[in-house]
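Visitor: Structure supplied as start-v8.cif; contents: mmCIF, C-alpha atoms and all ligand atoms.
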```
data_entry
loop_
_atom_site.group_PDB
_atom_site.id
_atom_site.type_symbol
_atom_site.label_atom_id
_atom_site.label_comp_id
_atom_site.auth_asym_id
_atom_site.auth_seq_id
_atom_site.Cartn_x
_atom_site.Cartn_y
_atom_site.Cartn_z
ATOM 1 C CA MET A 1 -14.091 -14.168 -7.156
ATOM 2 C CA GLN A 2 -10.990 -15.695 -5.599
ATOM 3 C CA ILE A 3 -9.159 -13.105 -3.474
ATOM 4 C CA ILE A 4 -5.735 -14.671 -3.931
ATOM 5 C CA LYS A 5 -3.862 -15.542 -7.097
ATOM 6 C CA GLU A 6 -0.789 -17.609 -6.284
ATOM 7 C CA ILE A 7 2.502 -17.606 -8.174
ATOM 8 C CA PRO A 8 5.003 -20.258 -7.085
ATOM 9 C CA SER A 9 8.185 -18.310 -7.947
ATOM 10 C CA GLN A 10 10.990 -18.300 -5.354
ATOM 11 C CA ASP A 11 13.233 -15.850 -7.151
ATOM 12 C CA TRP A 12 12.999 -12.039 -7.174
ATOM 13 C CA GLN A 13 14.751 -12.026 -10.558
ATOM 14 C CA ALA A 14 12.430 -14.575 -12.231
ATOM 15 C CA GLN A 15 11.207 -13.890 -15.770
ATOM 16 C CA TYR A 16 7.511 -14.337 -16.642
ATOM 17 C CA SER A 17 5.906 -15.350 -19.945
ATOM 18 C CA GLU A 18 3.517 -13.017 -21.797
ATOM 19 C CA SER A 19 0.517 -15.050 -20.684
ATOM 20 C CA ASP A 20 1.638 -15.153 -17.029
ATOM 21 C CA GLN A 21 2.103 -11.376 -17.125
ATOM 22 C CA GLN A 22 -1.295 -10.854 -18.705
ATOM 23 C CA ALA A 23 -2.931 -13.029 -16.035
ATOM 24 C CA ALA A 24 -1.133 -11.131 -13.258
ATOM 25 C CA LEU A 25 -2.213 -7.724 -14.637
ATOM 26 C CA GLU A 26 -5.818 -8.852 -14.958
ATOM 27 C CA ALA A 27 -5.834 -10.331 -11.455
ATOM 28 C CA LEU A 28 -4.489 -7.162 -9.844
ATOM 29 C CA GLU A 29 -6.724 -4.781 -11.772
ATOM 30 C CA ASN A 30 -9.751 -6.888 -10.827
ATOM 31 C CA GLY A 31 -8.865 -6.545 -7.148
ATOM 32 C CA GLN A 32 -7.066 -9.821 -6.494
ATOM 33 C CA ILE A 33 -3.942 -10.128 -4.355
ATOM 34 C CA ILE A 34 -0.975 -11.818 -6.006
ATOM 35 C CA LEU A 35 0.683 -14.081 -3.474
ATOM 36 C CA PHE A 36 4.122 -15.646 -3.748
ATOM 37 C CA PRO A 37 3.983 -18.175 -0.899
ATOM 38 C CA ALA A 38 7.710 -18.960 -1.175
ATOM 39 C CA LEU A 39 9.300 -15.660 -2.150
ATOM 40 C CA THR A 40 11.515 -14.927 0.828
ATOM 41 C CA PHE A 41 13.625 -11.861 1.439
ATOM 42 C CA ALA A 42 16.780 -13.186 3.085
ATOM 43 C CA LEU A 43 18.418 -10.986 5.718
ATOM 44 C CA GLY A 44 22.174 -10.732 6.064
ATOM 45 C CA LEU A 45 23.474 -11.844 9.491
ATOM 46 C CA HIS A 46 24.203 -8.225 10.434
ATOM 47 C CA GLU A 47 20.624 -7.234 9.467
ATOM 48 C CA ASN A 48 18.896 -9.428 12.061
ATOM 49 C CA LYS A 49 19.571 -6.775 14.687
ATOM 50 C CA PHE A 50 16.994 -4.557 12.985
ATOM 51 C CA LEU A 51 14.177 -6.975 13.861
ATOM 52 C CA THR A 52 13.137 -5.071 16.972
ATOM 53 C CA PRO A 53 10.527 -2.381 17.583
ATOM 54 C CA ALA A 54 13.257 -0.369 19.362
ATOM 55 C CA ILE A 55 14.676 0.520 15.937
ATOM 56 C CA ALA A 56 11.629 2.740 15.216
ATOM 57 C CA ASP A 57 10.975 6.140 16.799
ATOM 58 C CA LEU A 58 8.556 5.810 19.705
ATOM 59 C CA THR A 59 5.776 7.680 17.919
ATOM 60 C CA ALA A 60 6.252 6.027 14.519
ATOM 61 C CA LYS A 61 4.776 2.768 13.335
ATOM 62 C CA ASN A 62 7.064 2.487 10.311
ATOM 63 C CA ILE A 63 10.585 3.267 9.262
ATOM 64 C CA SER A 64 10.553 4.705 5.780
ATOM 65 C CA TYR A 65 13.105 5.193 3.053
ATOM 66 C CA ASN A 66 12.747 7.769 0.314
ATOM 67 C CA PRO A 67 14.620 6.615 -2.803
ATOM 68 C CA ASP A 68 14.688 10.192 -4.195
ATOM 69 C CA THR A 69 16.485 11.729 -1.222
ATOM 70 C CA GLN A 70 18.025 8.438 0.021
ATOM 71 C CA HIS A 71 16.900 9.445 3.465
ATOM 72 C CA VAL A 72 15.647 7.032 6.151
ATOM 73 C CA ARG A 73 12.941 8.448 8.427
ATOM 74 C CA CYS A 74 11.868 7.511 11.960
ATOM 75 C CA ALA A 75 14.785 5.209 12.707
ATOM 76 C CA HIS A 76 16.334 5.219 16.154
ATOM 77 C CA CYS A 77 19.917 3.990 15.841
ATOM 78 C CA SER A 78 23.625 4.869 15.640
ATOM 79 C CA GLU A 79 25.128 6.392 12.515
ATOM 80 C CA HIS A 80 26.759 3.088 11.562
ATOM 81 C CA ASP A 81 23.490 1.181 11.959
ATOM 82 C CA TYR A 82 21.671 3.911 10.056
ATOM 83 C CA ARG A 83 23.867 3.245 7.002
ATOM 84 C CA GLU A 84 23.271 -0.504 7.263
ATOM 85 C CA LEU A 85 19.546 0.048 7.704
ATOM 86 C CA ARG A 86 19.477 2.229 4.602
ATOM 87 C CA HIS A 87 21.289 -0.454 2.646
ATOM 88 C CA PHE A 88 18.797 -3.060 3.911
ATOM 89 C CA LEU A 89 15.845 -0.954 2.687
ATOM 90 C CA GLU A 90 17.588 -0.201 -0.619
ATOM 91 C CA ARG A 91 18.131 -3.919 -1.164
ATOM 92 C CA PHE A 92 14.458 -4.637 -0.615
ATOM 93 C CA SER A 93 13.433 -1.726 -2.837
ATOM 94 C CA ALA A 94 15.648 -3.040 -5.659
ATOM 95 C CA SER A 95 14.232 -6.574 -5.316
ATOM 96 C CA ALA A 96 10.623 -5.334 -5.297
ATOM 97 C CA THR A 97 11.328 -3.171 -8.350
ATOM 98 C CA THR A 98 12.830 -6.111 -10.258
ATOM 99 C CA LEU A 99 9.827 -8.266 -9.372
ATOM 100 C CA ILE A 100 7.322 -5.644 -10.541
ATOM 101 C CA THR A 101 9.154 -4.763 -13.736
ATOM 102 C CA HIS A 102 9.455 -8.455 -14.676
ATOM 103 C CA LEU A 103 5.920 -9.493 -13.735
ATOM 104 C CA LEU A 104 4.110 -6.299 -14.771
ATOM 105 C CA SER A 105 6.336 -5.032 -17.583
ATOM 106 C CA HIS A 106 3.305 -3.332 -19.174
ATOM 107 C CA TYR A 107 3.455 -0.828 -16.274
ATOM 108 C CA THR A 108 7.202 -0.236 -16.334
ATOM 109 C CA PRO A 109 7.368 2.845 -18.628
ATOM 110 C CA ALA A 110 4.884 4.769 -16.459
ATOM 111 C CA LEU A 111 5.662 3.368 -13.017
ATOM 112 C CA GLU A 112 6.825 5.762 -10.277
ATOM 113 C CA THR A 113 8.677 4.487 -7.248
ATOM 114 C CA GLY A 114 7.396 5.671 -3.875
ATOM 115 C CA ARG A 115 8.630 5.003 -0.362
ATOM 116 C CA THR A 116 10.003 1.791 1.051
ATOM 117 C CA SER A 117 8.911 0.932 4.568
ATOM 118 C CA PHE A 118 9.920 -1.444 7.330
ATOM 119 C CA ARG A 119 7.223 -2.197 9.935
ATOM 120 C CA PRO A 120 8.891 -3.670 13.035
ATOM 121 C CA VAL A 121 6.096 -2.922 15.531
ATOM 122 C CA GLU A 122 3.432 -5.541 16.405
ATOM 123 C CA ILE A 123 0.176 -4.271 14.904
ATOM 124 C CA SER A 124 -2.232 -5.864 17.332
ATOM 125 C CA GLY A 125 -2.914 -3.699 20.388
ATOM 126 C CA ARG A 126 -1.057 -0.692 19.000
ATOM 127 C CA PRO A 127 -2.829 2.486 20.165
ATOM 128 C CA SER A 128 -3.940 4.935 17.466
ATOM 129 C CA SER A 129 -6.726 7.299 16.445
ATOM 130 C CA TYR A 130 -9.445 5.633 14.383
ATOM 131 C CA ARG A 131 -8.238 7.331 11.177
ATOM 132 C CA LYS A 132 -4.750 5.865 11.594
ATOM 133 C CA ASP A 133 -6.030 2.504 12.801
ATOM 134 C CA ASP A 134 -5.125 0.062 10.035
ATOM 135 C CA THR A 135 -6.821 -2.806 11.905
ATOM 136 C CA ARG A 136 -10.057 -1.348 10.492
ATOM 137 C CA LEU A 137 -11.062 -2.140 6.908
ATOM 138 C CA HIS A 138 -10.112 0.689 4.560
ATOM 139 C CA VAL A 139 -8.859 1.577 1.101
ATOM 140 C CA ASP A 140 -5.598 3.550 1.128
ATOM 141 C CA ALA A 141 -5.803 7.339 0.774
ATOM 142 C CA PHE A 142 -3.234 9.760 2.181
ATOM 143 C CA PRO A 143 -4.277 13.126 3.691
ATOM 144 C CA ALA A 144 -1.023 14.993 2.952
ATOM 145 C CA THR A 145 -0.163 13.316 -0.340
ATOM 146 C CA PRO A 146 -2.918 13.674 -2.951
ATOM 147 C CA ASN A 147 -2.396 11.275 -5.843
ATOM 148 C CA HIS A 148 -4.957 12.545 -8.372
ATOM 149 C CA GLY A 149 -6.175 9.070 -9.208
ATOM 150 C CA LYS A 150 -2.813 7.375 -9.613
ATOM 151 C CA ARG A 151 -2.939 3.776 -8.510
ATOM 152 C CA ILE A 152 -1.230 2.720 -5.278
ATOM 153 C CA LEU A 153 0.586 -0.543 -5.954
ATOM 154 C CA ARG A 154 2.316 -2.191 -2.992
ATOM 155 C CA VAL A 155 4.667 -5.123 -2.505
ATOM 156 C CA PHE A 156 4.782 -6.641 0.999
ATOM 157 C CA THR A 157 7.126 -9.305 2.397
ATOM 158 C CA ASN A 158 6.714 -10.901 5.790
ATOM 159 C CA ILE A 159 10.198 -11.272 7.322
ATOM 160 C CA ASN A 160 9.053 -12.346 10.786
ATOM 161 C CA PRO A 161 11.738 -14.659 12.266
ATOM 162 C CA GLU A 162 9.422 -16.371 14.777
ATOM 163 C CA GLY A 163 6.893 -17.961 12.435
ATOM 164 C CA GLN A 164 4.290 -15.258 13.005
ATOM 165 C CA PRO A 165 1.957 -14.577 10.061
ATOM 166 C CA ARG A 166 0.760 -11.152 8.921
ATOM 167 C CA VAL A 167 -2.990 -11.413 9.377
ATOM 168 C CA TRP A 168 -5.232 -9.295 7.139
ATOM 169 C CA ARG A 169 -8.940 -8.988 6.675
ATOM 170 C CA VAL A 170 -9.958 -8.324 3.077
ATOM 171 C CA GLY A 171 -13.349 -6.753 2.393
ATOM 172 C CA GLU A 172 -15.727 -6.066 -0.463
ATOM 173 C CA PRO A 173 -14.870 -5.018 -4.045
ATOM 174 C CA PHE A 174 -14.283 -1.271 -4.531
ATOM 175 C CA GLN A 175 -17.548 -0.745 -6.404
ATOM 176 C CA THR A 176 -19.522 -2.197 -3.463
ATOM 177 C CA VAL A 177 -17.595 -0.069 -0.953
ATOM 178 C CA ALA A 178 -18.214 3.059 -3.032
ATOM 179 C CA GLU A 179 -21.947 2.300 -3.390
ATOM 180 C CA GLN A 180 -22.177 2.128 0.389
ATOM 181 C CA PHE A 181 -20.316 5.341 1.249
ATOM 182 C CA LEU A 182 -20.383 7.708 -1.731
ATOM 183 C CA PRO A 183 -24.051 8.836 -1.572
ATOM 184 C CA ALA A 184 -23.558 10.600 1.802
ATOM 185 C CA ILE A 185 -20.314 12.391 0.862
ATOM 186 C CA ALA A 186 -20.529 16.086 -0.069
ATOM 187 C CA PRO A 187 -18.088 17.444 -2.664
ATOM 188 C CA GLN A 188 -14.971 19.185 -1.375
ATOM 189 C CA PRO A 189 -15.933 22.764 -0.393
ATOM 190 C CA PHE A 190 -14.822 25.447 -2.833
ATOM 191 C CA GLY A 191 -11.451 26.931 -1.845
ATOM 192 C CA LYS A 192 -10.544 24.172 0.637
ATOM 193 C CA ALA A 193 -7.970 22.513 -1.626
ATOM 194 C CA THR A 194 -6.162 25.813 -2.248
ATOM 195 C CA LEU A 195 -6.163 26.590 1.458
ATOM 196 C CA LEU A 196 -4.800 23.160 2.415
ATOM 197 C CA GLN A 197 -1.972 23.575 -0.051
ATOM 198 C CA ALA A 198 -1.221 27.166 1.032
ATOM 199 C CA LEU A 199 -0.986 25.950 4.635
ATOM 200 C CA ARG A 200 1.284 23.129 3.446
ATOM 201 C CA LEU A 201 -1.128 20.547 4.844
ATOM 202 C CA THR A 202 -1.069 18.857 1.441
ATOM 203 C CA LYS A 203 1.980 18.464 -0.824
ATOM 204 C CA THR A 204 -0.034 19.228 -3.971
ATOM 205 C CA ILE A 205 -3.602 20.333 -4.576
ATOM 206 C CA ARG A 206 -6.212 17.913 -3.161
ATOM 207 C CA SER A 207 -8.406 16.933 -6.116
ATOM 208 C CA GLN A 208 -12.083 16.015 -5.825
ATOM 209 C CA TYR A 209 -10.932 12.424 -6.286
ATOM 210 C CA ASP A 210 -8.568 12.660 -3.303
ATOM 211 C CA HIS A 211 -11.319 14.274 -1.249
ATOM 212 C CA LEU A 212 -13.758 11.436 -2.012
ATOM 213 C CA MET A 213 -11.159 8.721 -1.372
ATOM 214 C CA LEU A 214 -10.203 10.242 2.004
ATOM 215 C CA GLN A 215 -13.846 10.505 2.972
ATOM 216 C CA ILE A 216 -14.430 6.873 1.984
ATOM 217 C CA HIS A 217 -11.311 5.854 3.962
ATOM 218 C CA ASP A 218 -12.420 7.758 7.078
ATOM 219 C CA ARG A 219 -16.068 6.698 6.921
ATOM 220 C CA MET A 220 -15.162 3.040 6.494
ATOM 221 C CA LYS A 221 -12.928 3.203 9.570
ATOM 222 C CA ALA A 222 -15.440 5.205 11.639
ATOM 223 C CA ASN A 223 -18.327 2.816 10.996
ATOM 224 C CA LEU A 224 -18.024 -0.076 13.454
ATOM 225 C CA ALA A 225 -21.202 -1.762 12.202
ATOM 226 C CA TYR A 226 -19.674 -1.735 8.708
ATOM 227 C CA GLN A 227 -16.410 -3.142 10.094
ATOM 228 C CA ARG A 228 -18.292 -6.066 11.619
ATOM 229 C CA GLY A 229 -20.950 -6.590 8.975
ATOM 230 C CA ALA A 230 -19.174 -6.088 5.652
ATOM 231 C CA GLU A 231 -18.467 -9.244 3.712
ATOM 232 C CA GLN A 232 -14.849 -10.128 4.462
ATOM 233 C CA CYS A 233 -12.332 -12.898 4.846
ATOM 234 C CA GLU A 234 -9.156 -13.394 6.840
ATOM 235 C CA ILE A 235 -5.822 -14.092 5.178
ATOM 236 C CA HIS A 236 -2.670 -15.288 6.923
ATOM 237 C CA PHE A 237 0.474 -14.237 5.076
ATOM 238 C CA ALA A 238 3.138 -16.628 6.328
ATOM 239 C CA PRO A 239 6.721 -15.554 7.039
ATOM 240 C CA GLY A 240 8.755 -15.960 3.867
ATOM 241 C CA SER A 241 5.845 -14.945 1.656
ATOM 242 C CA THR A 242 5.432 -11.877 -0.568
ATOM 243 C CA TRP A 243 2.244 -10.320 -1.898
ATOM 244 C CA ILE A 244 1.308 -7.566 -4.349
ATOM 245 C CA VAL A 245 -1.902 -5.560 -4.060
ATOM 246 C CA LEU A 246 -3.514 -2.360 -5.334
ATOM 247 C CA THR A 247 -4.335 -0.946 -1.885
ATOM 248 C CA ASP A 248 -6.404 2.002 -3.167
ATOM 249 C CA GLN A 249 -8.890 -0.562 -4.522
ATOM 250 C CA VAL A 250 -8.745 -3.586 -2.239
ATOM 251 C CA SER A 251 -10.434 -3.052 1.119
ATOM 252 C CA HIS A 252 -7.984 -4.337 3.732
ATOM 253 C CA ALA A 253 -7.165 -4.307 7.440
ATOM 254 C CA ALA A 254 -3.928 -5.499 9.043
ATOM 255 C CA MET A 255 -4.922 -7.301 12.262
ATOM 256 C CA SER A 256 -1.672 -8.685 13.642
ATOM 257 C CA GLY A 257 1.913 -9.399 12.771
ATOM 258 C CA GLN A 258 5.355 -7.889 13.170
ATOM 259 C CA HIS A 259 8.250 -7.256 10.805
ATOM 260 C CA VAL A 260 7.090 -6.649 7.296
ATOM 261 C CA LEU A 261 8.845 -4.868 4.435
ATOM 262 C CA GLU A 262 6.814 -2.851 1.926
ATOM 263 C CA GLN A 263 7.519 -0.983 -1.301
ATOM 264 C CA THR A 264 5.024 1.493 -2.779
ATOM 265 C CA PHE A 265 4.686 2.330 -6.477
ATOM 266 C CA TYR A 266 2.359 4.808 -8.179
ATOM 267 C CA LEU A 267 0.825 4.193 -11.566
ATOM 268 C CA PRO A 268 -1.111 6.619 -13.775
ATOM 269 C CA VAL A 269 -4.570 5.287 -14.625
ATOM 270 C CA ALA A 270 -3.820 5.520 -18.359
ATOM 271 C CA ALA A 271 -1.038 2.939 -17.975
ATOM 272 C CA MET A 272 -3.456 0.262 -16.763
ATOM 273 C CA LEU A 273 -4.583 -2.565 -18.990
ATOM 274 C CA ASN A 274 -8.160 -1.538 -18.229
ATOM 275 C CA PRO A 275 -8.399 1.992 -16.752
ATOM 276 C CA GLN A 276 -12.164 1.538 -16.252
ATOM 277 C CA LEU A 277 -11.374 -0.709 -13.278
ATOM 278 C CA SER A 278 -9.587 2.093 -11.381
ATOM 279 C CA PRO A 279 -11.197 3.784 -8.355
ATOM 280 C CA LEU A 280 -10.906 7.083 -10.284
ATOM 281 C CA ARG A 281 -12.974 5.904 -13.252
ATOM 282 C CA THR A 282 -15.389 4.027 -10.958
ATOM 283 C CA LEU A 283 -16.071 7.174 -8.903
ATOM 284 C CA GLU A 284 -16.293 9.310 -12.055
ATOM 285 C CA LYS A 285 -18.931 6.977 -13.466
ATOM 286 C CA MET A 286 -20.883 7.065 -10.225
ATOM 287 C CA THR A 287 -20.769 10.872 -9.814
ATOM 288 C CA GLY A 288 -20.958 11.755 -13.512
ATOM 289 C CA LYS A 289 -18.072 14.198 -12.943
ATOM 290 C CA ARG A 290 -14.423 14.493 -13.858
ATOM 291 C CA LEU A 291 -12.633 14.145 -10.524
ATOM 292 C CA ALA A 292 -8.923 14.536 -11.327
ATOM 293 C CA ARG A 293 -6.583 15.148 -14.211
ATOM 294 C CA ASN A 294 -5.247 11.653 -14.747
HETATM 295 C C1 LIG B 1 -2.129 -1.190 5.615
HETATM 296 O O1 LIG B 1 -1.752 -0.838 4.488
HETATM 297 O O2 LIG B 1 -3.238 -0.849 5.990
HETATM 298 C C2 LIG B 1 -1.226 -1.996 6.536
HETATM 299 C C3 LIG B 1 -0.717 -3.216 5.883
HETATM 300 C C4 LIG B 1 0.332 -3.930 6.708
HETATM 301 O O3 LIG B 1 1.174 -3.264 7.327
HETATM 302 O O4 LIG B 1 0.325 -5.167 6.719
HETATM 303 FE FE FE B 2 -3.779 0.364 4.173
#
```
Please lay out the structure from this file as C-alpha cells.
Ligand code: SIN
Ligand code: FE

Guide:
Amino acid sequence: MQIIKEIPSQDWQAQYSESDQQAALEALENGQIILFPALTFALGLHENKFLTPAIADLTAKNISYNPDTQHVRCAHCSEHDYRELRHFLERFSASATTLITHLLSHYTPALETGRTSFRPVEISGRPSSYRKDDTRLHVDAFPATPNHGKRILRVFTNINPEGQPRVWRVGEPFQTVAEQFLPAIAPQPFGKATLLQALRLTKTIRSQYDHLMLQIHDRMKANLAYQRGAEQCEIHFAPGSTWIVLTDQVSHAAMSGQHVLEQTFYLPVAAMLNPQLSPLRTLEKMTGKRLARN
C-alpha cells in the first residue's frame, strides 16, 4: 500500500467532488496519509515573531489552544502578544476545520473539534522520558484523556521559514502492530479505572480500549529492537505542505523539524465509512470482547 495520497489543492476553502471525497475517506480509513504538497498557511507579518522556541514555556513542547475555553496554554509572552497568538491559532483552527468539512463532509455531523497546537521547538535532540518521546514509533493514546474508541484525526502544516522539513518515520499497519503487542497485554485491573478517575488522573473513565491503546503506545516506545526492526519508511514533509492522518491508527514518529501547526478532531467510530477499520473494532475482533461504548 502507498503511504501517501496526494491532493494538489492550494486553497483551504477548496470544494471537492463526491468521488474525490470518497477516495479521501477510503485512503484515511485504510491508514494512508493525505498530503497537500502546496497547501501553505501564510503568516501575517506580525505573526513571524512567534516562530521561536522562546514563545513556549520551558517545560512544554507545544503551545495549545482550547477552542471551548478560548484559552492558550504554555505560551510565554506579553498580554498583547498572547492575544495575537490566540488569533493566530484560531485562524489555523478555522482553516483546518474548513478543509476537513469540505474534504470529509461525511464526518461533519459527528466531528468534534479538539485542541489546536503550535510546535515551535526543534524535535531532534529534545530530552524526554521514553513515554513522551515522539521520535519513537507509536500510535497516539493519551493517559489523561480517554477517548473510548473515538478516532483521532489530525491536520498538520509545516510553517518552517528556513526550508526545514518535518521528518517522520511511518511504521506498520495497525493490525500488524496490534498482533505484535496485544498478546502480552493483561486487561486493565478491576477498579483501576474508577480509582484513576477519582484521583483526577483521567478526565473520564479509562475504558478497556484506552487501557490497551496506552499499553500498545508504551510498549512500542519501550522496545528499541522493535523501533529499529519494524518495517518503516521516512517521509519529509516540506515547509508549505499540509497533511491529514488518523494518528491512533498510523504508527508514526516525528524525527526532526521545527514550527508546525496542528489541529485535532475526534470522530465516533460509527461515523466512519467503514467502522471495521478502526483500532477499536480491530482490537475487539482480536480480543473477542467489547472494549468501549462507541
Ligand atoms: C506526534 O504526533 O507524535 C508528533 C507529530 C509532530 O509533531 O510532527
Ligand atoms: Fe503521535

Visitor: Counting all atoms listed in the file, which residues of chain A fall within 9 Å of ligand FE 2 (chain B), and what is the closest atom pair for each with its distance in Å at one decimal, ordered by chain and rising number, as a Markdown table?

Guide:
```
| residue | atom | partner | partner_atom | distance |
| --- | --- | --- | --- | --- |
| A:Asp134 | CA | B:FE2 | FE | 6.0 |
| A:Thr135 | CA | B:FE2 | FE | 8.9 |
| A:Leu137 | CA | B:FE2 | FE | 8.2 |
| A:His138 | CA | B:FE2 | FE | 6.4 |
| A:Val139 | CA | B:FE2 | FE | 6.1 |
| A:Asp140 | CA | B:FE2 | FE | 4.8 |
| A:Ala141 | CA | B:FE2 | FE | 8.0 |
| A:Thr247 | CA | B:FE2 | FE | 6.2 |
| A:Asp248 | CA | B:FE2 | FE | 8.0 |
| A:Ser251 | CA | B:FE2 | FE | 8.1 |
| A:His252 | CA | B:FE2 | FE | 6.3 |
| A:Ala253 | CA | B:FE2 | FE | 6.6 |
| A:Ala254 | CA | B:FE2 | FE | 7.6 |
```

Visitor: So what do you get for atom CA of A:Met213 versus atom CA of A:Arg136, distance-wise?

Guide: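 Distance between the two atoms: 15.6 Å.
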
Visitor: Using all atoms listed in the file, which residue out of A:Ser256, A:Gln232, A:Gln2, A:Gln15 lies closest to A:Ser105?

Guide: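 Residue with the minimum atom-to-atom distance to A:Ser105: A:Gln15.
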
Visitor: Do you have the atom CA of A:Asp210-atom CA of A:Pro173 distance handy?

Guide: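 The value is 18.8 Å.
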
Visitor: Mind pulling up the distance from atom CA of A:Asp11 to atom CA of A:Pro268?

Guide: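 Atom CA of A:Asp11 lies at a distance of 27.5 Å from atom CA of A:Pro268.
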
Visitor: Name the residues in contact with A:Glu284 at a cut-off of 12 Å, using all atoms listed in the file, excluding same-chain residues fewer than 5 positions from it; report them as a compact mmCIF listing (two decimals) with C-alpha atoms, in the coordinates of the input.

Guide:
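Final output, saved to part_23.txt:
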```
# COMPACT_ATOMS: atom_id res chain seq x y z
CA GLY A 149 -6.18 9.07 -9.21
CA GLN A 175 -17.55 -0.74 -6.40
CA ALA A 178 -18.21 3.06 -3.03
CA LEU A 182 -20.38 7.71 -1.73
CA GLN A 208 -12.08 16.02 -5.82
CA TYR A 209 -10.93 12.42 -6.29
CA LEU A 212 -13.76 11.44 -2.01
CA MET A 213 -11.16 8.72 -1.37
CA PRO A 275 -8.40 1.99 -16.75
CA GLN A 276 -12.16 1.54 -16.25
CA LEU A 277 -11.37 -0.71 -13.28
CA SER A 278 -9.59 2.09 -11.38
CA PRO A 279 -11.20 3.78 -8.36
CA LYS A 289 -18.07 14.20 -12.94
CA ARG A 290 -14.42 14.49 -13.86
CA LEU A 291 -12.63 14.14 -10.52
CA ALA A 292 -8.92 14.54 -11.33
CA ARG A 293 -6.58 15.15 -14.21
CA ASN A 294 -5.25 11.65 -14.75
```

Visitor: Counting only C-alpha atoms and all ligand atoms, which of A:Pro53, A:Gly257, A:Pro8, A:Pro146 gets nearest to ligand LIG 1 (chain B)?

Guide: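 Among the listed residues, the smallest separation from ligand LIG 1 (chain B) belongs to A:Gly257.
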
Visitor: Given all atoms listed in the file as the basis, pick out the residue of A:Cys74, A:Leu25, A:Ala193, A:Val260 nearest to ligand LIG 1 (chain B).

Guide: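 When distances to ligand LIG 1 (chain B) are compared using all atoms listed in the file, the smallest one comes from A:Val260.
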
Visitor: Go through A:Ser78, A:Gln164, A:Thr282, A:Thr108 and flag the residue nearest A:Phe50, using all atoms listed in the file for the distances.

Guide: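 Closest to A:Phe50 of all the choices is A:Ser78.
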
Visitor: Compile a residue-level contact table for stretch 190-250 of chain A against stretch 31-43 of chain A at a cut-off of 8 Å, reporting for every qualifying residue the shortest atom pair and its distance in Å to one decimal, with all atoms listed in the file counted, rows ordered by chain and ascending number, as a tab-separated table.

Guide:
```
residue	atom	partner	partner_atom	distance
A:Phe237	CA	A:Pro37	CA	8.0
A:Ala238	CA	A:Pro37	CA	7.4
A:Pro239	CA	A:Thr40	CA	7.9
A:Gly240	CA	A:Thr40	CA	4.2
A:Ser241	CA	A:Pro37	CA	4.5
A:Thr242	CA	A:Phe36	CA	5.1
A:Trp243	CA	A:Leu35	CA	4.4
A:Ile244	CA	A:Ile34	CA	5.1
A:Val245	CA	A:Ile33	CA	5.0
A:Leu246	CA	A:Gly31	CA	7.0
A:Gln249	CA	A:Gly31	CA	6.5
A:Val250	CA	A:Gly31	CA	5.7
```

Visitor: When you look at A:Thr264 with a cut-off of 8 Å (counting all atoms listed in the file), what residues show up, excluding the ones that are within fewer than 4 positions of it in the same chain? I need them as a ChimeraX atom specification.

Guide: /A:113-116,152-155

Visitor: Go through A:Thr52, A:Leu283, A:His102, A:Gly125 and flag the residue nearest A:Thr176, using all atoms listed in the file for the distances.

Guide: A:Leu283

Visitor: Would you kindly translate the PyMOL selection byres (((chain A and resi 234) around 6) and not hetatm) into the concrete residues it picks from this file, as a list of chain:residue names?

Guide: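 Selected by the PyMOL selection byres (((chain A and resi 234) around 6) and not hetatm) here: A:Trp168, A:Arg169, A:Cys233, A:Ile235.
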
Visitor: Return the single residue from A:Met1, A:Val121, A:Met220, A:Ala144 that is closest to A:Ile55, with distances computed using only C-alpha atoms.

Guide: A:Val121

Visitor: Around the point (15.2, 5.3, -0.5) in the file's coordinates, collect all residues with an atom within 12 Å, using all atoms listed in the file, and return them as a PDB file with C-alpha atoms, in the frame of the given file.

Guide:
```
ATOM      1  CA  ILE A  63      10.585   3.267   9.262  1.00  0.00           C
ATOM      2  CA  SER A  64      10.553   4.705   5.780  1.00  0.00           C
ATOM      3  CA  TYR A  65      13.105   5.193   3.053  1.00  0.00           C
ATOM      4  CA  ASN A  66      12.747   7.769   0.314  1.00  0.00           C
ATOM      5  CA  PRO A  67      14.620   6.615  -2.803  1.00  0.00           C
ATOM      6  CA  ASP A  68      14.688  10.192  -4.195  1.00  0.00           C
ATOM      7  CA  THR A  69      16.485  11.729  -1.222  1.00  0.00           C
ATOM      8  CA  GLN A  70      18.025   8.438   0.021  1.00  0.00           C
ATOM      9  CA  HIS A  71      16.900   9.445   3.465  1.00  0.00           C
ATOM     10  CA  VAL A  72      15.647   7.032   6.151  1.00  0.00           C
ATOM     11  CA  ARG A  73      12.941   8.448   8.427  1.00  0.00           C
ATOM     12  CA  ARG A  83      23.867   3.245   7.002  1.00  0.00           C
ATOM     13  CA  LEU A  85      19.546   0.048   7.704  1.00  0.00           C
ATOM     14  CA  ARG A  86      19.477   2.229   4.602  1.00  0.00           C
ATOM     15  CA  HIS A  87      21.289  -0.454   2.646  1.00  0.00           C
ATOM     16  CA  PHE A  88      18.797  -3.060   3.911  1.00  0.00           C
ATOM     17  CA  LEU A  89      15.845  -0.954   2.687  1.00  0.00           C
ATOM     18  CA  GLU A  90      17.588  -0.201  -0.619  1.00  0.00           C
ATOM     19  CA  ARG A  91      18.131  -3.919  -1.164  1.00  0.00           C
ATOM     20  CA  PHE A  92      14.458  -4.637  -0.615  1.00  0.00           C
ATOM     21  CA  SER A  93      13.433  -1.726  -2.837  1.00  0.00           C
ATOM     22  CA  ALA A  94      15.648  -3.040  -5.659  1.00  0.00           C
ATOM     23  CA  THR A 113       8.677   4.487  -7.248  1.00  0.00           C
ATOM     24  CA  GLY A 114       7.396   5.671  -3.875  1.00  0.00           C
ATOM     25  CA  ARG A 115       8.630   5.003  -0.362  1.00  0.00           C
ATOM     26  CA  THR A 116      10.003   1.791   1.051  1.00  0.00           C
ATOM     27  CA  SER A 117       8.911   0.932   4.568  1.00  0.00           C
ATOM     28  CA  PHE A 118       9.920  -1.444   7.330  1.00  0.00           C
ATOM     29  CA  GLU A 262       6.814  -2.851   1.926  1.00  0.00           C
ATOM     30  CA  GLN A 263       7.519  -0.983  -1.301  1.00  0.00           C
ATOM     31  CA  THR A 264       5.024   1.493  -2.779  1.00  0.00           C
TER      32      THR A 264
END
```

Visitor: When you write stretch 192-196 of chain A out from the block above, keep C-alpha atoms and present the result as a compact mmCIF listing (two decimals), in the first residue's frame, please.

Guide:
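The resulting selection.txt:
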```
# COMPACT_ATOMS: atom_id res chain seq x y z
CA LYS A 192 -8.19 0.83 38.41
CA ALA A 193 -10.28 2.96 36.04
CA THR A 194 -12.54 4.17 38.87
CA LEU A 195 -9.53 4.97 41.02
CA LEU A 196 -7.77 6.91 38.25
```
